[in-house]
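For reference, the structure discussed in these notes is given below.
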Amino acid sequence: MDSNFERRLRLIYDALDSNSNKKALSEADKVLKKHPKFLAAKALKALAILRLGREEESNVLLDAIMKEKPVDDGTLQVLTFCFKEMEQLNKICEMYNYAAKQTPGNEEILAHLFMAYVNIDDFKAQQTVALQLYKLHPKNPYYFWAVVSVFLQGVKGSESIVPEKRKLFLSLAEKMVHKIITENKIEAEQEAQLYIRILSEQAKYREALEFLDSSIALKHFPGAPTSIRIDLLRNLKEWKTLQELLEKLLKEDRDRWDYYQEYLNCSIELSKSSDNEYSSTIIEETHKSLCELINSGKPVRGPYLARLELYRLMRELKLDANKILGNCNKLLIEYFNLFGDKFCCTNDISMYIDSMQQDERSNLANILIKESAINSTNLPKTKEEMQKHITALQLARICGAHKLLESDHLLALFTTLKLHYEHGLSNFGKDLLATDMGPSDLYALLAANVMYDLSIKEQQSKPLLEALALLSYVLKNSPSNFHVKLFALKIYQLLGCLTGAQEMYDLLDIKNIQLDSMGYIHCNYLPLSGRFNFGKPTYEAALKFFTNSYKDRLAYITMSYRFGTFSKLLEFMDFRDKLTNSIHYSILSAESLILEIVGLNGTINQNLNSFKLLGINPQEDRTAWNELSDNRDLSLLVRWDPIKEYDAKSDEKESLSHEIEVLQIRLNLLRLVASIVDLMNSSTSDTETLDMLLESFIGLYQRIKLMNYKPISNKFLVNLLPSRLFLLLDLPYEQFFTDLSNFILKLWNGLVSQEDKDNINKNVDNCVNVLNSVIDENNSKQDNMWCRKFVQERISAIVEIMSLYAFVLQVSHERYLVISQLNTSKKGKRKDQLENEKSNVLNDRERLAIVIDLMRHLKNCLQISFNNIGNLKAPFIPVDLSDLMNDLSIKSDIQSTVYGDITGHFKENHVQLVNEIRCLIKDKIKLVNK
Amino acid sequence: MFRGKKRNIQRILLSIRCWCFVQARFLEVKFPVKNKEILQKMTTLRPFTCNDMFKFNNVNLDPLTETYGLSFYMQYLARWPEYFQVAESPNGNIMGYIMGKAEGNGDNWHGHVTALTVSPDYRRLGLAALLMNFLEDVSEKKKAYFVDLFVRVSNKVAINMYKNLGYIVYRTILDYYFGDPDEDAYDMRKACSRDVEKKSIIPYTQPVRSEDLEMF
């Protein structure tokens with residue numbers, strides 16, 4: 001290769017790197033003109049074409065290259081890129097397989113082949129290639145690639161569910177490592193760790209422990225974490241040894257919770273006699289050791305909390321805990337007095353409130369408040385006193401102290417909390433950095449919860465607005481407090497104010513993996529806000545993360561093979577699957593597609609082109625329903641709600657099943673609409689897809705209605721917002737799209753009756769009625785802020801239904817227009833048409849007329865809706881909101897900014913909402929204007 | 001690919017700066033280290049796993065902690081899993097984590113602290129010290145000569161904390177942190193027991209330019 005030639009190739013690479021695919025293509029063509037047989041240039045051309053979106057063309061070229069069976073590294077790597085981008089991972093294996101056969105003994109190609117199999121989880125093929133590599137180059141990494149491939153066949157491969165097979169693979173893997181050990185050829189920490197894992201998977205804990213103590217392990221795995229030993233001893237039920245080990249460890253570090261948990265577990269096990277009775281002497285011993293740990297230095301939380309844990313365990317086993325440990329309240333109060341000034345104290349103590357009776361809890365709440373020694377006349381003098389007071393208040397709420405309060409008491413509590421916040425801020429919050437959280441912010445967070453309680457009790461929005469005002473004020477003082485932002489986001493959503501919610505979401509600066517784990521707090525509610533355009537950038541940012549991480553998903557696993565980090569392999573695979581099957585991702589992509597269709601506003605040709613670009617294939621359901629992964633971080637919002645009054649675990653499960661149903665409905669709806677559009681654009685008469693989707697749509701609704709789902713309780717501020725599922729059930733989605741699909745099928749077959757037509761129009765009228773009634777509801781209520789979310793969600797759903805319908809009509813109109821024009825231009829009538837005319841089948845022109853009729857009706861309805869939306873009254877903001885904070889010593893300018901910010905958000909949201917919806921309706925009117 | 005190596009190296013250099021940047025950002029957190037203070041770090045210490053990334057929000061939402069692209073965390077998990085540890089509270093919350101690595105040849109073989117972060121809800125409990133101890137312990141077991149880290153020269157609180165943990169300012173690196181204006185970094189070190197003569201912590205008196213740093 002001359003240098004000029006190489007320079008040319010580099011130009012192509014550079015163009016591809018900088019995403020100038022057109023340039024890359026023309027450069028590749030130039031090279032190919034001179035050297036038409038040059039495979040690397042051909043491969044680069046294929047990649048450029050692929051990236052230009054011409055997949056089919058690229059495929060042809062790739063097939064041609066594959067026939068030549070390339071072996072040079074450059075070509076193979078470019079092809080790898082192509083196949084990865086097209087998700088044809090098998091082809092990469094195929095290609096390197098050819099190449100390996102043609103260049104026997106080529107280490108690099110074999111290594112690539114190995115990784116190609118890694119990409120598709122073909123552990124068996126991995127094993128074969130790894131052994132080939134080892135034979136050629138007897139290096140440990142290759143050998144262990146083979147070992148781990150065998151191991152994976154035993155624990156993850158398709159045959160791993162057959163116990164005999166599993167056993168076989170694991171014992172083979174064990175033997176393979178054993179051989180290396182006897183030859184004294186272990187080289188790396190991860191190799192030793194893998195051996196322990198293989199043994200543990202076979203429950204050979206004794207052997208694993210012996211290996212851990214062997215000189216080889218000591219030499220090559222000196223950093224073996226103690227947790228490995230603890231796990232092995234626990235599995236071997238060697239309680240005595242384990243307890244001794246833990247005692248030693250705890251003496252070194254009295255604050256390791258994991259050790260305490262194991263330690264207490266040991267004691268309980270040791271105290272178990274043969275007839276399952278528990279000996280109290282051993283438990284007494286344990287208690288004594290804990291007391292010794294308590295007394296062996298400055299107070300640390302560990303042994304104190306361990307004592308509470310022991311109390312809990314004993315109670316669980318129905319043992320007399322009081323006899324050994326004394327009164328539980330006493331222990332809790334002692335703990336509170338020692339550590340109440342730490343933020344974490346609430347979480348610590350709340351773990352032990354669960355097992356108490358209600359009266360015990362109320363009692364504890366009273367004592368804690370008393371112990372904190374803070375009241376209206378005695379304000380905290382130090383930061384520590386204040387934190388202790390906060391802890392007491394949080395725990396009191398957890399104990400249920402707030403749930404019995406009457407409205408005026410709740411309001412009084414709110415005022416007190418507000419004053420405490422202000423007092424704490426002015427006394428201990430001076431010179432805060434912008435990145436610090438205010439020391440008294442927690443008062444305000446608690447106050448927000450109290451006001452939510454009041455709102456629910458009174459069914460009024462005012463308390464929530466007051467909470468919002470307080471939170472906004474706190475945010476001015478400690479702009480980095482994310483708890484405050486999360487709470488404010490929630491309140492804005494509850495009150496249907498997207499502008500405010502979006503501001504909080506933006507302030508949280510959510511990115512990368514947080515887009516998956518935290519996205520649910522905002523994204524799921526975007527399509528219900530009525531702001532069809534506003535939410536798009538948020539969607540796009542989240543989807544971009546998912547597409548990128550999907551692309552990168554293979555790299556991490558190959559990376560752990562390269563570095564020999566076998567301990568992370570299974571974890572990485574699991575993580576890859578979780579990201580790929582994230583339910584949030586599926587919901588986002590479905591919603592953004594629906595959003596695109598709803599927003600179509602061009603001529604028929606423009607719309608059809610945009611629709612095609614969405615790449616919806618109605619025949620195919622690509623969702624891995626059984627593998628959907630819930631990656632939401634549901635502990636994001638900090639919670640001090642009364643124990644037993646909510647069940648976070650069951651709420652989580654409930655809400656997940658709601659979300660899955662929502663996804664089912666939305667995807668089915670999307671595919672249903674897409675299949676109608678496809679049908680209207682096809683030349684075949686095959687309605688199979690539409691039939692199938694209609695059937696599943698009806699079946700889906702039937703099943704979901706039978707499930708009798710209930711929304712998650714809205715009792716507390718931190719509870720999840722109700723799922724969109726209920727809106728999909730309450731509003732005429734099912735009726736509308738079932739009738740519409742049936743109608744389209746009839747129209748297709750030319751069998752539409754007047755009744756059918758009227759029925760569809762009735763459906764549209766129904767939508768307008770729903771719209772009118774919610775607008776009336778909004779306009780007639782004085783506190784329309786309270787029903788605002790309800791109203792907006794219904795408005796957006798109705799507008800969505802009508803928009804999808806408008807597109808369907810536009811597409812149908814085009815079809816029958818084109819066909820009937822085609823027919824009139826042809827002289828004479830075709831035979832089948834003549835036959836049709838004889839029967840009752842409508843001809844194309846008649847069908848066109850029907851569609852036009854429907855369009856006119858829809859147009860009228862849209863016009864009415866357009867006018868009615870204009871009458872939607874803005875949410876009412878109580879004028880005295882500006883007085884809300886008069887009891888605080890806030891400067892009036894801050895007060896007015898806070899007030900201005902909030903009212904501004906509500907006003908802007910209203911104006912934009914009406915604007916966006918009216919624009920959308922106007923666009924739809926254009927679509928059906930015939 | 002045919003692409004020149006230079007770009008690659010630049011990319012690596014950039015990512016190294018990023019790493020150090022993370023660490024530096026954490027260090028702006030205030031850590032009051034008084035000897036009298038009772039440390040209440042009570043925790044479960046365990047290896048960081050991929051799934052922790054779904055749950056580390058209460059740590060990462062803090063403005064001083066950056067949430068990086070997946071590949072950043074994955075690289076560390078894949079190469080130095082033992083150096084990536086998470087501290088969990090008794091009720092299962094993530095309180096903080098440390099990321100680090102082992103690198104260098106010969107007597108430059110050392111442990112490096114890449115990032116250390118503690119949730120604002122769990123500060124002032126001595127967690128940072130606990131996590132640092134852990135990393136030093138791993139480095140001891142790996143027979144490293146020393147442990148090092150980079151910190152903004154302006155970050156007095158963090159520098160003090162490290163001094164209390166036995167670190168010394170080994171050298172100053174000019175314009176290490178990008179910004180307006182760029183800021184110098186201290187390269188702080190603590191010798192491990194293998195470095196019997198404590199050669200690794202004899203300070204450099206001359207400041208070093210960041211482009212002259214030997215990266216590996």
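Letters for chains follow the order of the structure tokens (A, B, ...), residue numbers begin at 1 for each chain, and ligand numbers begin at 1 in the order shown.
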Under the rule of at most 8 Å, produce a per-residue listing of chain B near chain A: chain, number, name, the closest pair of atoms, and the distance in Å, as a Markdown table, using only C-alpha atoms.
```
| residue | atom | partner | partner_atom | distance |
| --- | --- | --- | --- | --- |
| B:Met1 | CA | A:Gly74 | CA | 5.9 |
| B:Phe2 | CA | A:Arg10 | CA | 6.9 |
| B:Arg3 | CA | A:Arg10 | CA | 7.0 |
| B:Ile38 | CA | A:Lys298 | CA | 7.1 |
| B:Leu39 | CA | A:Val300 | CA | 7.1 |
| B:Gln40 | CA | A:Val300 | CA | 5.7 |
| B:Lys41 | CA | A:Asp255 | CA | 6.7 |
| B:Met42 | CA | A:Asp255 | CA | 4.5 |
| B:Thr43 | CA | A:Trp257 | CA | 5.2 |
| B:Thr44 | CA | A:Asp258 | CA | 5.0 |
| B:Leu45 | CA | A:Asp258 | CA | 7.5 |
| B:Thr49 | CA | A:Glu571 | CA | 7.4 |
| B:Cys50 | CA | A:Phe575 | CA | 6.3 |
| B:Asn51 | CA | A:Phe575 | CA | 6.9 |
| B:Met53 | CA | A:Ile513 | CA | 7.1 |
| B:Phe54 | CA | A:Ser517 | CA | 5.4 |
| B:Lys55 | CA | A:Asp633 | CA | 5.8 |
| B:Asn57 | CA | A:Leu636 | CA | 7.0 |
| B:Asn58 | CA | A:Leu636 | CA | 6.8 |
| B:Leu61 | CA | A:Phe482 | CA | 6.5 |
| B:Asp62 | CA | A:Ser480 | CA | 7.0 |
| B:Pro63 | CA | A:Thr435 | CA | 6.2 |
| B:Leu64 | CA | A:Thr435 | CA | 7.1 |
| B:Thr67 | CA | A:Lys511 | CA | 6.8 |
| B:Tyr68 | CA | A:Asn512 | CA | 6.7 |
| B:Gly69 | CA | A:Asn512 | CA | 5.6 |
| B:Leu70 | CA | A:Ile513 | CA | 6.9 |
| B:Ser71 | CA | A:Tyr556 | CA | 7.7 |
| B:Met74 | CA | A:Tyr556 | CA | 6.5 |
| B:Gln75 | CA | A:Tyr556 | CA | 7.5 |
| B:Leu77 | CA | A:Lys568 | CA | 7.5 |
| B:Ala78 | CA | A:Ser560 | CA | 5.0 |
| B:Arg79 | CA | A:Phe563 | CA | 5.9 |
| B:Pro81 | CA | A:Thr565 | CA | 7.8 |
| B:Ser89 | CA | A:Trp257 | CA | 7.9 |
| B:Pro90 | CA | A:Trp257 | CA | 6.3 |
| B:Asn91 | CA | A:Asn347 | CA | 6.7 |
| B:Pro120 | CA | A:Met437 | CA | 7.6 |
| B:Asp121 | CA | A:Phe343 | CA | 6.4 |
| B:Tyr122 | CA | A:Cys344 | CA | 6.8 |
| B:Val138 | CA | A:Gly223 | CA | 6.2 |
| B:Lys141 | CA | A:Gly223 | CA | 5.4 |
| B:Lys142 | CA | A:Gly223 | CA | 6.9 |
```
- Query: Skipping near chain neighbours, those fewer than 4 positions away, what residues fall within 8 Å of segment 732-749 of chain A using only C-alpha atoms, listed as a count of residues only?
  - Reply: 19
- Do you know which residues are at most 12 Å from Asp182 of chain B counting only C-alpha atoms, after dropping those on the same chain fewer than 3 positions away, and could you put them as an MDAnalysis selection string? chainID B and resid 152:154 173:179 185 210
- Task: Using atom CA of Val598 of chain A and atom CA of Asn909 of chain A as the two end points, give the distance in Å to one decimal.
- Result: 20.4 Å
- Query: Pick the closest to Asp121 of chain A from A:Ile268, A:Leu61, A:Cys93, A:Ala100: which is it, counting only C-alpha atoms?
  - Reply: A:Cys93
- Query: Quick one: DSSP strand (DSSP E) residues in segment 11-205 of chain B, as a ChimeraX atom specification?
  - Reply: /B:44-47,85-88,94-103,110-118,146-152,168-177,183-191
Could the residues in this selection be saved with N, CA and C atoms as a short mmCIF file (atom, residue, chain, number, x, y, z; two decimals), in the first residue's frame?
```
data_model
loop_
_atom_site.label_atom_id
_atom_site.label_comp_id
_atom_site.auth_asym_id
_atom_site.auth_seq_id
_atom_site.Cartn_x
_atom_site.Cartn_y
_atom_site.Cartn_z
N THR B 44 -22.51 -0.56 56.78
CA THR B 44 -22.16 -1.81 56.14
C THR B 44 -21.28 -1.44 54.97
N LEU B 45 -20.14 -2.03 54.89
CA LEU B 45 -19.24 -1.73 53.79
C LEU B 45 -19.23 -2.92 52.86
N ARG B 46 -19.47 -2.68 51.60
CA ARG B 46 -19.47 -3.81 50.68
C ARG B 46 -19.08 -3.32 49.29
N PRO B 47 -18.71 -4.24 48.39
CA PRO B 47 -18.33 -3.82 47.05
C PRO B 47 -19.50 -3.13 46.34
N GLN B 85 -16.04 0.76 46.61
CA GLN B 85 -16.82 0.27 47.75
C GLN B 85 -17.93 1.23 48.09
N VAL B 86 -19.00 0.68 48.64
CA VAL B 86 -20.13 1.51 49.02
C VAL B 86 -20.41 1.33 50.50
N ALA B 87 -20.80 2.42 51.16
CA ALA B 87 -21.18 2.36 52.57
C ALA B 87 -22.69 2.47 52.66
N GLU B 88 -23.28 1.51 53.34
CA GLU B 88 -24.73 1.43 53.40
C GLU B 88 -25.18 1.62 54.84
N ILE B 94 -27.87 4.13 50.64
CA ILE B 94 -26.47 4.33 50.30
C ILE B 94 -26.02 5.65 50.93
N MET B 95 -24.96 5.57 51.71
CA MET B 95 -24.50 6.78 52.42
C MET B 95 -23.34 7.45 51.67
N GLY B 96 -22.56 6.64 50.96
CA GLY B 96 -21.42 7.21 50.25
C GLY B 96 -20.66 6.10 49.55
N TYR B 97 -19.69 6.50 48.76
CA TYR B 97 -18.87 5.48 48.11
C TYR B 97 -17.49 6.02 47.77
N ILE B 98 -16.58 5.10 47.52
CA ILE B 98 -15.23 5.49 47.12
C ILE B 98 -14.84 4.71 45.88
N MET B 99 -14.16 5.40 44.96
CA MET B 99 -13.64 4.74 43.76
C MET B 99 -12.15 4.95 43.72
N GLY B 100 -11.43 3.92 43.36
CA GLY B 100 -10.00 4.11 43.28
C GLY B 100 -9.38 3.08 42.38
N LYS B 101 -8.06 3.07 42.34
CA LYS B 101 -7.38 2.12 41.48
C LYS B 101 -5.96 1.90 41.96
N ALA B 102 -5.33 0.86 41.42
CA ALA B 102 -3.92 0.61 41.71
C ALA B 102 -3.16 0.74 40.41
N GLU B 103 -2.04 1.44 40.43
CA GLU B 103 -1.31 1.62 39.18
C GLU B 103 0.15 1.95 39.47
N HIS B 110 1.18 2.11 43.32
CA HIS B 110 0.45 2.79 44.38
C HIS B 110 -1.05 2.75 44.20
N GLY B 111 -1.74 3.04 45.27
CA GLY B 111 -3.19 3.17 45.21
C GLY B 111 -3.57 4.61 44.95
N HIS B 112 -4.66 4.82 44.19
CA HIS B 112 -5.06 6.19 43.89
C HIS B 112 -6.54 6.38 44.20
N VAL B 113 -6.85 7.48 44.86
CA VAL B 113 -8.25 7.78 45.15
C VAL B 113 -8.81 8.60 44.00
N THR B 114 -9.78 8.06 43.29
CA THR B 114 -10.36 8.77 42.16
C THR B 114 -11.55 9.61 42.59
N ALA B 115 -12.42 9.03 43.36
CA ALA B 115 -13.60 9.77 43.80
C ALA B 115 -14.02 9.27 45.16
N LEU B 116 -14.48 10.20 45.95
CA LEU B 116 -14.96 9.87 47.29
C LEU B 116 -16.13 10.79 47.54
N THR B 117 -17.27 10.23 47.89
CA THR B 117 -18.42 11.10 48.08
C THR B 117 -19.32 10.57 49.18
N VAL B 118 -19.89 11.50 49.93
CA VAL B 118 -20.77 11.13 51.03
C VAL B 118 -22.07 11.92 50.89
N PHE B 146 2.52 3.50 48.23
CA PHE B 146 1.84 4.67 48.81
C PHE B 146 0.44 4.80 48.22
N VAL B 147 -0.32 5.72 48.81
CA VAL B 147 -1.64 6.07 48.26
C VAL B 147 -1.61 7.55 47.94
N ASP B 148 -2.16 7.93 46.79
CA ASP B 148 -2.16 9.36 46.48
C ASP B 148 -3.54 9.84 46.01
N LEU B 149 -3.67 11.15 45.97
CA LEU B 149 -4.92 11.78 45.54
C LEU B 149 -4.62 13.21 45.15
N PHE B 150 -5.54 13.79 44.40
CA PHE B 150 -5.39 15.19 44.00
C PHE B 150 -6.50 16.02 44.62
N VAL B 151 -6.14 17.24 44.99
CA VAL B 151 -7.14 18.11 45.62
C VAL B 151 -6.88 19.56 45.22
N ARG B 152 -7.94 20.32 45.07
CA ARG B 152 -7.80 21.74 44.76
C ARG B 152 -7.06 22.45 45.88
N ILE B 168 0.47 13.93 53.27
CA ILE B 168 1.26 15.15 53.18
C ILE B 168 1.16 15.70 51.75
N VAL B 169 1.42 17.00 51.62
CA VAL B 169 1.42 17.57 50.27
C VAL B 169 2.74 17.16 49.62
N TYR B 170 2.67 16.32 48.61
CA TYR B 170 3.87 15.79 47.98
C TYR B 170 4.40 16.77 46.94
N ARG B 171 3.49 17.36 46.19
CA ARG B 171 3.91 18.36 45.21
C ARG B 171 2.69 19.15 44.75
N THR B 172 2.99 20.24 44.08
CA THR B 172 1.91 21.07 43.53
C THR B 172 1.89 20.88 42.02
N ILE B 173 0.72 20.74 41.48
CA ILE B 173 0.61 20.60 40.03
C ILE B 173 -0.09 21.85 39.49
N LEU B 174 0.62 22.53 38.59
CA LEU B 174 0.12 23.82 38.13
C LEU B 174 -1.04 23.65 37.16
N ASP B 175 -2.03 24.51 37.31
CA ASP B 175 -3.18 24.56 36.38
C ASP B 175 -3.78 23.19 36.12
N TYR B 176 -3.92 22.42 37.14
CA TYR B 176 -4.41 21.05 36.95
C TYR B 176 -5.90 21.03 36.65
N TYR B 177 -6.64 21.90 37.31
CA TYR B 177 -8.09 21.90 37.12
C TYR B 177 -8.50 22.92 36.08
N GLU B 183 -6.99 26.05 38.07
CA GLU B 183 -6.53 26.03 39.46
C GLU B 183 -5.47 24.94 39.66
N ASP B 184 -4.55 25.22 40.58
CA ASP B 184 -3.51 24.23 40.89
C ASP B 184 -4.08 23.12 41.76
N ALA B 185 -3.39 21.99 41.72
CA ALA B 185 -3.80 20.88 42.57
C ALA B 185 -2.65 20.51 43.49
N TYR B 186 -2.98 20.04 44.66
CA TYR B 186 -1.97 19.37 45.48
C TYR B 186 -2.06 17.89 45.18
N ASP B 187 -0.89 17.28 45.00
CA ASP B 187 -0.82 15.83 44.91
C ASP B 187 -0.46 15.40 46.34
N MET B 188 -1.42 14.79 47.03
CA MET B 188 -1.17 14.41 48.43
C MET B 188 -0.88 12.92 48.54
N ARG B 189 0.00 12.57 49.44
CA ARG B 189 0.42 11.17 49.55
C ARG B 189 0.52 10.69 50.98
N LYS B 190 0.35 9.41 51.10
CA LYS B 190 0.60 8.77 52.39
C LYS B 190 1.35 7.48 52.09
N ALA B 191 2.43 7.22 52.82
CA ALA B 191 3.23 6.03 52.53
C ALA B 191 2.57 4.78 53.11
#
```
Once DSSP has gone over the backbone, tell me which residues of segment 40-159 of chain B are in alpha helix (DSSP H), as a compact mmCIF listing (two decimals) with N, CA and C atoms, in the first residue's frame.
```
# COMPACT_ATOMS: atom_id res chain seq x y z
N ASN B 57 -28.98 7.86 44.11
CA ASN B 57 -29.45 9.22 43.85
C ASN B 57 -29.33 10.16 45.04
N ASN B 58 -29.59 9.63 46.23
CA ASN B 58 -29.51 10.51 47.38
C ASN B 58 -28.07 10.96 47.67
N VAL B 59 -27.11 10.27 47.09
CA VAL B 59 -25.73 10.73 47.18
C VAL B 59 -25.44 11.67 46.01
N ASN B 60 -25.86 11.25 44.84
CA ASN B 60 -25.45 11.96 43.63
C ASN B 60 -26.25 13.22 43.32
N LEU B 70 -22.27 6.08 32.10
CA LEU B 70 -22.12 4.71 32.58
C LEU B 70 -20.71 4.18 32.45
N SER B 71 -20.07 4.49 31.32
CA SER B 71 -18.79 3.85 31.03
C SER B 71 -17.75 4.18 32.10
N PHE B 72 -17.88 5.36 32.69
CA PHE B 72 -16.93 5.76 33.72
C PHE B 72 -16.98 4.79 34.90
N TYR B 73 -18.17 4.54 35.39
CA TYR B 73 -18.31 3.62 36.53
C TYR B 73 -17.96 2.19 36.11
N MET B 74 -18.40 1.83 34.91
CA MET B 74 -18.20 0.45 34.46
C MET B 74 -16.72 0.12 34.31
N GLN B 75 -15.95 1.10 33.82
CA GLN B 75 -14.51 0.86 33.70
C GLN B 75 -13.88 0.52 35.04
N TYR B 76 -14.26 1.29 36.03
CA TYR B 76 -13.69 1.03 37.36
C TYR B 76 -14.15 -0.32 37.90
N LEU B 77 -15.43 -0.63 37.67
CA LEU B 77 -15.94 -1.91 38.16
C LEU B 77 -15.24 -3.07 37.46
N ALA B 78 -14.94 -2.86 36.19
CA ALA B 78 -14.33 -3.94 35.42
C ALA B 78 -12.84 -4.09 35.71
N ARG B 79 -12.19 -2.99 36.07
CA ARG B 79 -10.74 -3.09 36.24
C ARG B 79 -10.30 -3.21 37.69
N LEU B 127 -17.59 9.11 57.82
CA LEU B 127 -17.63 8.12 56.75
C LEU B 127 -16.47 8.22 55.78
N ALA B 128 -16.09 9.45 55.47
CA ALA B 128 -15.01 9.64 54.51
C ALA B 128 -13.74 8.96 55.01
N ALA B 129 -13.48 9.12 56.31
CA ALA B 129 -12.29 8.51 56.89
C ALA B 129 -12.38 6.98 56.80
N LEU B 130 -13.57 6.47 57.06
CA LEU B 130 -13.75 5.02 57.00
C LEU B 130 -13.46 4.51 55.60
N LEU B 131 -14.00 5.20 54.60
CA LEU B 131 -13.80 4.76 53.23
C LEU B 131 -12.33 4.89 52.82
N MET B 132 -11.68 5.96 53.28
CA MET B 132 -10.26 6.12 52.99
C MET B 132 -9.44 5.00 53.63
N ASN B 133 -9.79 4.67 54.87
CA ASN B 133 -9.09 3.57 55.54
C ASN B 133 -9.21 2.29 54.73
N PHE B 134 -10.40 2.10 54.21
CA PHE B 134 -10.62 0.88 53.44
C PHE B 134 -9.68 0.85 52.24
N LEU B 135 -9.65 1.96 51.53
CA LEU B 135 -8.82 2.00 50.32
C LEU B 135 -7.34 1.81 50.65
N GLU B 136 -6.92 2.40 51.76
CA GLU B 136 -5.52 2.22 52.18
C GLU B 136 -5.25 0.76 52.52
N ASP B 137 -6.24 0.15 53.14
CA ASP B 137 -6.09 -1.25 53.52
C ASP B 137 -5.93 -2.14 52.29
N VAL B 138 -6.75 -1.90 51.28
CA VAL B 138 -6.63 -2.67 50.04
C VAL B 138 -5.25 -2.45 49.43
N SER B 139 -4.79 -1.20 49.44
CA SER B 139 -3.49 -0.89 48.86
C SER B 139 -2.37 -1.58 49.63
N GLU B 140 -2.51 -1.65 50.97
CA GLU B 140 -1.54 -2.38 51.79
C GLU B 140 -1.47 -3.83 51.33
N LYS B 141 -2.67 -4.42 51.19
CA LYS B 141 -2.70 -5.83 50.84
C LYS B 141 -2.14 -6.07 49.45
N LYS B 156 -9.41 24.01 51.56
CA LYS B 156 -8.70 23.90 52.84
C LYS B 156 -9.29 22.80 53.73
N VAL B 157 -10.61 22.71 53.73
CA VAL B 157 -11.25 21.75 54.62
C VAL B 157 -10.81 20.33 54.29
N ALA B 158 -10.85 20.03 53.00
CA ALA B 158 -10.49 18.68 52.59
C ALA B 158 -9.01 18.42 52.82
N ILE B 159 -8.19 19.42 52.52
CA ILE B 159 -6.75 19.25 52.70
C ILE B 159 -6.46 18.94 54.18
```
- Message: For segment 647-652 of chain A, find every residue with an atom within 10 Å (counting only C-alpha atoms), except residues of its own chain fewer than 6 positions away, and show them as number ranges by chain.
- Response: A: 630, 632, 634-635, 658, 711-713, 719-720
- Query: Gln502 of chain A: which residues within 8 Å, counting only C-alpha atoms, same-chain residues fewer than 3 positions away excluded, as a PyMOL selection string?
  - Reply: chain A and resi 489+498-499+505-506+522
Distance query Gly599 of chain A at most 10 Å, only C-alpha atoms, self and fewer than 4 positions along chain excluded, as a tab-separated table (two decimals) with N, CA and C atoms, in the first residue's frame:
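Output file out_26.tsv is given in full below:
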```tsv
chain	number	residue	atom	x	y	z
A	532	PHE	N	-48.42	19.34	24.78
A	532	PHE	CA	-47.90	18.30	23.90
A	532	PHE	C	-46.50	18.56	23.39
A	533	ASN	N	-46.14	19.82	23.23
A	533	ASN	CA	-44.80	20.10	22.69
A	533	ASN	C	-43.76	20.29	23.78
A	593	LEU	N	-43.61	8.05	20.47
A	593	LEU	CA	-44.16	7.73	19.15
A	593	LEU	C	-45.60	8.24	19.03
A	594	ILE	N	-46.38	7.99	20.08
A	594	ILE	CA	-47.77	8.45	20.04
A	594	ILE	C	-47.80	9.98	19.94
A	595	LEU	N	-46.92	10.61	20.70
A	595	LEU	CA	-46.82	12.06	20.68
A	595	LEU	C	-46.53	12.58	19.27
A	607	ASN	N	-47.06	14.17	6.22
A	607	ASN	CA	-47.41	13.36	7.39
A	607	ASN	C	-47.06	11.90	7.19
A	800	GLU	N	-55.99	14.04	22.47
A	800	GLU	CA	-55.17	12.97	21.88
A	800	GLU	C	-56.03	12.04	21.02
A	803	SER	N	-57.01	13.73	17.85
A	803	SER	CA	-55.88	13.93	16.94
A	803	SER	C	-55.53	12.65	16.20
A	804	LEU	N	-55.54	11.54	16.92
A	804	LEU	CA	-55.23	10.26	16.26
A	804	LEU	C	-56.30	9.98	15.21
A	807	PHE	N	-55.83	11.98	11.99
A	807	PHE	CA	-54.80	11.44	11.09
A	807	PHE	C	-55.34	10.22	10.33
A	920	LEU	N	-52.86	22.87	18.49
A	920	LEU	CA	-52.97	21.49	18.05
A	920	LEU	C	-54.33	21.27	17.37
A	921	ILE	N	-55.38	21.78	17.99
A	921	ILE	CA	-56.71	21.60	17.41
A	921	ILE	C	-56.79	22.28	16.05
A	923	ASP	N	-54.39	22.74	13.98
A	923	ASP	CA	-53.69	21.87	13.02
A	923	ASP	C	-54.59	20.72	12.59
A	924	LYS	N	-55.32	20.17	13.54
A	924	LYS	CA	-56.18	19.03	13.21
A	924	LYS	C	-57.31	19.46	12.29
```
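The space separating atom CA of Leu445 of chain A from atom CA of Gly904 of chain A comes to 22.8 Å.
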